[in-house]
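Trainee: Input: one structure, supplied below.
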Amino acid sequence: RPAEERELLRFRVMLPGASRMAGRPVEGRAQRTLEAALDSLIPLVEERIAAGEIARGTDPQQLILELLALNEGIRDQWSTLPERIDYVAVFTAAANGLYERVRA
């Protein structure tokens, strides 16, 4: 669990910036990671829409982008103030709020 390995999580916060710098060993990583996440998670949302769990008319890509943005933002905040922010609790509450918005 990333929240239990603070240094690893801090490293992951820095990776996206480094992946956008030409010539860095991690160049392109952020793009590949985002594409892989969208490719694997969008079908899951589409399945939940078809099953009637998520409201019809929900844009699967938009939903996944919002969820990923919540994760990145909360992870960044936590890496800045780990003593004040409960990463797992804050992310869980935010994700649950997002789910409630799209739940059928």
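Following the order of the structure tokens, first chain is A, next is B, and so on, with residues numbered from 1 inside each chain and ligands from 1 in the order they appear.
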Which polymer residues have any atom within 12 Å of an atom of Ala37 of chain A, counting only C-alpha atoms, with same-chain residues fewer than 4 positions away left out, as a list in words?
Mentor: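 So the residues in contact are Ala30, Gln31, Arg32, Thr33, Leu41, Ile42, Pro43, Leu44, Gln61, Ile64, Leu65, Leu67 and Leu68 of chain A.
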Trainee: Kindly give the distance, in Å, that separates atom CA of Glu46 of chain A and atom CA of Leu63 of chain A, rounded to a single decimal.
Mentor: 10.6 Å
Trainee: Let me make sure I understand: among A:Glu66, A:Glu47, A:Arg103, A:Phe91, which one has the smallest atom-to-atom distance to Trp78 of chain A if we use only C-alpha atoms?
Mentor: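 Residue with the minimum atom-to-atom distance to Trp78 of chain A: A:Phe91.
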